[in-house]
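Below is one structure, written out as structure tokens, with a few remarks after it.
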Amino acid sequence: VVNLGSSVPGVLAEVDVDRGDSVKAEQVVATLHSGVEKATMEAAKARAAMQASIKAKQARLEYSKRKKDREGELFQEAIVSFSQMDETETGIVLAEMELQEALENKWLAELEYRRTSEVVERMNIRSPIDGVVVERFLSPGERIEEQPVMKIAQIDPLNVEVILPVSRLPLLKVGMQAMVYPEAPVGGEYSAQVKIVDKVIDAASGTFGVRLQLPNPHHRLPAGLKCRVVFPDGNLSAAK
């Protein structure tokens, strides 16, 4: 059972499910108001897509290289002075640095877009499990802080909780199979597998707990039923 909340405070814009609805893992079940965050994300996306500055720096660098090639020949013939040639070579270095700066700025813009995208994504409240909505606590327009929006229960697989006397401890092993008989009017016979055998005994009652896992792919069984469990030795145990 999950009491589902939000990682950030805010005001609920939508709650897409209600009590009794089935949900899938990663399904958006509620959203917070996120107009400002989405506008910031779109601005960051536009900046990350801009290419004009990079193209301008590339064009300047290519021009500086062509200029150096032309003046190099004239320098060999002593037509261009050393200082002019030095200025041209320095211009190439500066153009390369400006291009690198433009590329780094674009990279930072892309990182900013990713950051703002994550901020917007946090406005979506997603179910962490496949399950059923047991209860809805908040409605659109209400502010959420630390309280849960809803309670979701996973019913595939079901956990079968059994309390047994300590005398049965040596007979129980993780992985063994047992038969589960839900109470009327559901009834039926189902196979479950032992997943947990407690290693700490309750001294007051002389009992220990066992958890079995029962597949429930079509949600045929509701959660919370009382049932009987038959272990391989044929003994019955009350369970839930």
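How things are named: the first chain in the structure tokens is A, the next is B, and so on; residues count from 1 in each chain; ligands count from 1 in the order shown.
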May I have the residues within 12 Å of segment 84-100 of chain A as number ranges by chain, using only C-alpha atoms and disregarding those fewer than 4 positions away in the same chain? A: 51-76, 78-80, 104-107
Selected residues written out, C-alpha atoms, as a PDB file, in the first residue's frame:
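Saved result, part_3.pdb, follows:
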ATOM      1  CA  GLN A  51      22.679  28.126 -33.813  1.00  0.00           C
ATOM      2  CA  ALA A  52      23.295  31.680 -35.050  1.00  0.00           C
ATOM      3  CA  SER A  53      26.086  32.502 -32.605  1.00  0.00           C
ATOM      4  CA  ILE A  54      27.981  29.297 -33.372  1.00  0.00           C
ATOM      5  CA  LYS A  55      27.663  29.780 -37.138  1.00  0.00           C
ATOM      6  CA  ALA A  56      28.871  33.380 -36.850  1.00  0.00           C
ATOM      7  CA  LYS A  57      31.933  32.315 -34.855  1.00  0.00           C
ATOM      8  CA  GLN A  58      32.668  29.529 -37.333  1.00  0.00           C
ATOM      9  CA  ALA A  59      32.438  31.979 -40.238  1.00  0.00           C
ATOM     10  CA  ARG A  60      34.806  34.408 -38.508  1.00  0.00           C
ATOM     11  CA  LEU A  61      37.321  31.632 -37.816  1.00  0.00           C
ATOM     12  CA  GLU A  62      37.245  30.444 -41.424  1.00  0.00           C
ATOM     13  CA  TYR A  63      37.714  34.005 -42.646  1.00  0.00           C
ATOM     14  CA  SER A  64      40.688  34.490 -40.316  1.00  0.00           C
ATOM     15  CA  LYS A  65      42.309  31.313 -41.636  1.00  0.00           C
ATOM     16  CA  ARG A  66      41.831  32.400 -45.255  1.00  0.00           C
ATOM     17  CA  LYS A  67      43.278  35.803 -44.413  1.00  0.00           C
ATOM     18  CA  LYS A  68      46.317  34.163 -42.857  1.00  0.00           C
ATOM     19  CA  ASP A  69      46.868  32.051 -45.990  1.00  0.00           C
ATOM     20  CA  ARG A  70      46.750  35.161 -48.198  1.00  0.00           C
ATOM     21  CA  GLU A  71      48.986  37.242 -45.977  1.00  0.00           C
ATOM     22  CA  GLY A  72      51.400  34.337 -45.479  1.00  0.00           C
ATOM     23  CA  GLU A  73      52.389  34.479 -49.126  1.00  0.00           C
ATOM     24  CA  LEU A  74      52.785  38.252 -48.987  1.00  0.00           C
ATOM     25  CA  PHE A  75      54.835  37.956 -45.798  1.00  0.00           C
ATOM     26  CA  GLN A  76      57.247  35.630 -47.577  1.00  0.00           C
ATOM     27  CA  ALA A  78      58.191  40.953 -47.507  1.00  0.00           C
ATOM     28  CA  ILE A  79      55.075  42.823 -48.597  1.00  0.00           C
ATOM     29  CA  VAL A  80      53.258  42.301 -45.287  1.00  0.00           C
ATOM     30  CA  GLU A 104      30.043  25.878 -24.311  1.00  0.00           C
ATOM     31  CA  ASN A 105      27.161  28.334 -24.027  1.00  0.00           C
ATOM     32  CA  LYS A 106      25.011  26.046 -26.169  1.00  0.00           C
ATOM     33  CA  TRP A 107      25.955  23.089 -23.980  1.00  0.00           C
TER      34      TRP A 107
END
Run DSSP on the backbone and tell me which residues of segment 1-233 of chain A come out as helix (DSSP H, G or I); list them as a ChimeraX atom specification. /A:35-49,52-76,82-121,166-171
Using Å and a single decimal, report how far atom CA of Val186 of chain A sits from atom CA of Gly20 of chain A.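 Those two atoms sit 18.5 Å apart.
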Compile the contact shell of Lys24 of chain A as a list in words: residues with an atom at most 12 Å away, counting only C-alpha atoms, same-chain residues fewer than 5 positions apart removed.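 Here the qualifying residues turn out to be Val17, Val29, Arg126, Ser127, Pro128, Ile129, Asp130, Gly131, Val132, Val133, Ile152, Ala153, Gln154, Ile155 and Asp156 of chain A.
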Output C-alpha atoms for every residue in that selection, as a PDB file, in the first residue's frame.
ATOM      1  CA  VAL A  17      -8.280   8.865 -11.012  1.00  0.00           C
ATOM      2  CA  VAL A  29      -2.532  10.150 -11.706  1.00  0.00           C
ATOM      3  CA  ARG A 126       2.979   9.154 -11.084  1.00  0.00           C
ATOM      4  CA  SER A 127       1.961   5.866  -9.566  1.00  0.00           C
ATOM      5  CA  PRO A 128       5.016   3.803  -8.553  1.00  0.00           C
ATOM      6  CA  ILE A 129       3.114   0.508  -8.806  1.00  0.00           C
ATOM      7  CA  ASP A 130       0.371  -1.326 -10.664  1.00  0.00           C
ATOM      8  CA  GLY A 131      -2.617  -1.263  -8.356  1.00  0.00           C
ATOM      9  CA  VAL A 132      -5.998   0.091  -7.395  1.00  0.00           C
ATOM     10  CA  VAL A 133      -6.858   3.455  -5.866  1.00  0.00           C
ATOM     11  CA  ILE A 152      -2.861   2.969  -3.907  1.00  0.00           C
ATOM     12  CA  ALA A 153      -2.832  -0.761  -3.144  1.00  0.00           C
ATOM     13  CA  GLN A 154      -1.016  -3.348  -5.211  1.00  0.00           C
ATOM     14  CA  ILE A 155      -3.210  -6.420  -5.658  1.00  0.00           C
ATOM     15  CA  ASP A 156      -1.053  -8.389  -8.097  1.00  0.00           C
TER      16      ASP A 156
END
Env of segment 176-179 of chain A: 9 Å cut, atoms = only C-alpha atoms, seq-sep filter 4 positions within chain, self excluded. Answer as a ChimeraX atom specification. /A:172,189-195,212,228-232
Taking N, CA and C atoms for each residue, export the selection above as a short mmCIF file (atom, residue, chain, number, x, y, z; two decimals), in the first residue's frame.
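New file part-v1.cif:
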data_model
loop_
_atom_site.label_atom_id
_atom_site.label_comp_id
_atom_site.auth_asym_id
_atom_site.auth_seq_id
_atom_site.Cartn_x
_atom_site.Cartn_y
_atom_site.Cartn_z
N LEU A 172 8.95 -24.67 7.82
CA LEU A 172 8.70 -23.65 6.81
C LEU A 172 9.99 -23.21 6.15
N GLU A 189 -9.58 -22.12 -4.83
CA GLU A 189 -8.30 -22.68 -4.37
C GLU A 189 -7.18 -22.06 -5.19
N TYR A 190 -6.17 -21.56 -4.53
CA TYR A 190 -5.08 -20.86 -5.22
C TYR A 190 -3.73 -21.28 -4.63
N SER A 191 -2.74 -21.34 -5.49
CA SER A 191 -1.39 -21.70 -5.06
C SER A 191 -0.59 -20.44 -4.77
N ALA A 192 0.12 -20.47 -3.66
CA ALA A 192 0.97 -19.34 -3.27
C ALA A 192 2.34 -19.85 -2.86
N GLN A 193 3.30 -18.96 -2.89
CA GLN A 193 4.68 -19.34 -2.57
C GLN A 193 5.16 -18.56 -1.35
N VAL A 194 5.85 -19.26 -0.46
CA VAL A 194 6.40 -18.62 0.74
C VAL A 194 7.55 -17.70 0.34
N LYS A 195 7.45 -16.42 0.73
CA LYS A 195 8.47 -15.44 0.41
C LYS A 195 9.28 -15.01 1.63
N LEU A 212 3.30 -15.21 2.25
CA LEU A 212 3.26 -15.92 0.97
C LEU A 212 2.85 -14.92 -0.11
N ARG A 228 -7.82 -19.43 4.48
CA ARG A 228 -7.13 -20.55 5.13
C ARG A 228 -5.96 -20.94 4.23
N VAL A 229 -4.89 -21.38 4.85
CA VAL A 229 -3.70 -21.80 4.11
C VAL A 229 -3.36 -23.23 4.50
N VAL A 230 -3.17 -24.08 3.52
CA VAL A 230 -2.76 -25.46 3.76
C VAL A 230 -1.31 -25.61 3.30
N PHE A 231 -0.45 -25.91 4.25
CA PHE A 231 0.97 -26.14 3.94
C PHE A 231 1.18 -27.60 3.55
N PRO A 232 2.35 -27.95 3.04
CA PRO A 232 2.56 -29.32 2.54
C PRO A 232 2.28 -30.42 3.55
#
Which of segment 181-217 of chain A DSSP labels strand (DSSP E), written as a list of chain:residue names: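 Here is the list: A:Tyr181, A:Pro182, A:Tyr190, A:Ser191, A:Ala192, A:Gln193, A:Val194, A:Lys195, A:Ile196, A:Val197, A:Thr207, A:Phe208, A:Gly209, A:Val210, A:Arg211, A:Leu212, A:Gln213, A:Leu214.
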Which residues are near segment 203-208 of chain A? Cut-off 6 Å, only C-alpha atoms, ignore same chain within fewer than 2 positions. Put them as an mmCIF file with all heavy atoms, in the first residue's frame.
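So the final result, stored in part-v1.cif, reads:
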data_model
loop_
_atom_site.group_PDB
_atom_site.id
_atom_site.type_symbol
_atom_site.label_atom_id
_atom_site.label_comp_id
_atom_site.auth_asym_id
_atom_site.auth_seq_id
_atom_site.Cartn_x
_atom_site.Cartn_y
_atom_site.Cartn_z
ATOM 1 N N ILE A 163 0.155 -16.247 10.688
ATOM 2 C CA ILE A 163 0.769 -16.348 12.008
ATOM 3 C C ILE A 163 0.755 -17.821 12.417
ATOM 4 O O ILE A 163 -0.308 -18.463 12.435
ATOM 5 C CB ILE A 163 0.012 -15.504 13.051
ATOM 6 C CG1 ILE A 163 -0.022 -14.038 12.619
ATOM 7 C CG2 ILE A 163 0.674 -15.641 14.425
ATOM 8 C CD1 ILE A 163 1.343 -13.394 12.513
ATOM 9 N N LEU A 164 1.918 -18.369 12.754
ATOM 10 C CA LEU A 164 2.046 -19.789 13.071
ATOM 11 C C LEU A 164 2.707 -19.984 14.435
ATOM 12 O O LEU A 164 3.500 -19.144 14.876
ATOM 13 C CB LEU A 164 2.887 -20.491 11.999
ATOM 14 C CG LEU A 164 2.313 -20.532 10.577
ATOM 15 C CD1 LEU A 164 3.333 -21.077 9.606
ATOM 16 C CD2 LEU A 164 1.055 -21.394 10.550
ATOM 17 N N PRO A 165 2.432 -21.094 15.091
ATOM 18 C CA PRO A 165 3.123 -21.397 16.351
ATOM 19 C C PRO A 165 4.590 -21.722 16.097
ATOM 20 O O PRO A 165 4.960 -22.196 15.028
ATOM 21 C CB PRO A 165 2.360 -22.618 16.885
ATOM 22 C CG PRO A 165 1.751 -23.240 15.674
ATOM 23 C CD PRO A 165 1.417 -22.110 14.752
ATOM 24 N N VAL A 166 5.421 -21.457 17.090
ATOM 25 C CA VAL A 166 6.864 -21.621 16.928
ATOM 26 C C VAL A 166 7.236 -23.066 16.592
ATOM 27 O O VAL A 166 8.279 -23.324 15.981
ATOM 28 C CB VAL A 166 7.589 -21.143 18.200
ATOM 29 C CG1 VAL A 166 7.285 -22.061 19.389
ATOM 30 C CG2 VAL A 166 9.085 -21.046 17.958
ATOM 31 N N ILE A 201 10.872 -14.485 16.926
ATOM 32 C CA ILE A 201 9.661 -15.066 17.494
ATOM 33 C C ILE A 201 9.034 -14.072 18.469
ATOM 34 O O ILE A 201 9.729 -13.384 19.213
ATOM 35 C CB ILE A 201 9.986 -16.381 18.237
ATOM 36 C CG1 ILE A 201 10.763 -17.343 17.310
ATOM 37 C CG2 ILE A 201 8.715 -17.044 18.750
ATOM 38 C CD1 ILE A 201 10.029 -17.728 16.065
#
Nearest to Leu111 of chain A among A:Lys45, A:Asn3, A:Gln213, A:Gly224, with distances taken over only C-alpha atoms: which residue is it? A:Lys45
May I have the residues within 8 Å of Leu12 of chain A as a PyMOL selection string, using only C-alpha atoms and disregarding those fewer than 5 positions away in the same chain? chain A and resi 30-33+139-144
Computed interatomic separation between atom CA of Tyr181 of chain A and atom CA of Leu225 of chain A (Å):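 That distance, rounded to one decimal, is 10.0 Å.
Rounded to one decimal, atom CA of Asn124 of chain A and atom CA of Pro217 of chain A lie 27.1 Å from each other.
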Taking into account only C-alpha atoms, which residue in the set A:Leu214, A:Ala184, A:Asp198, A:Val11 is nearest to Arg168 of chain A? A:Asp198
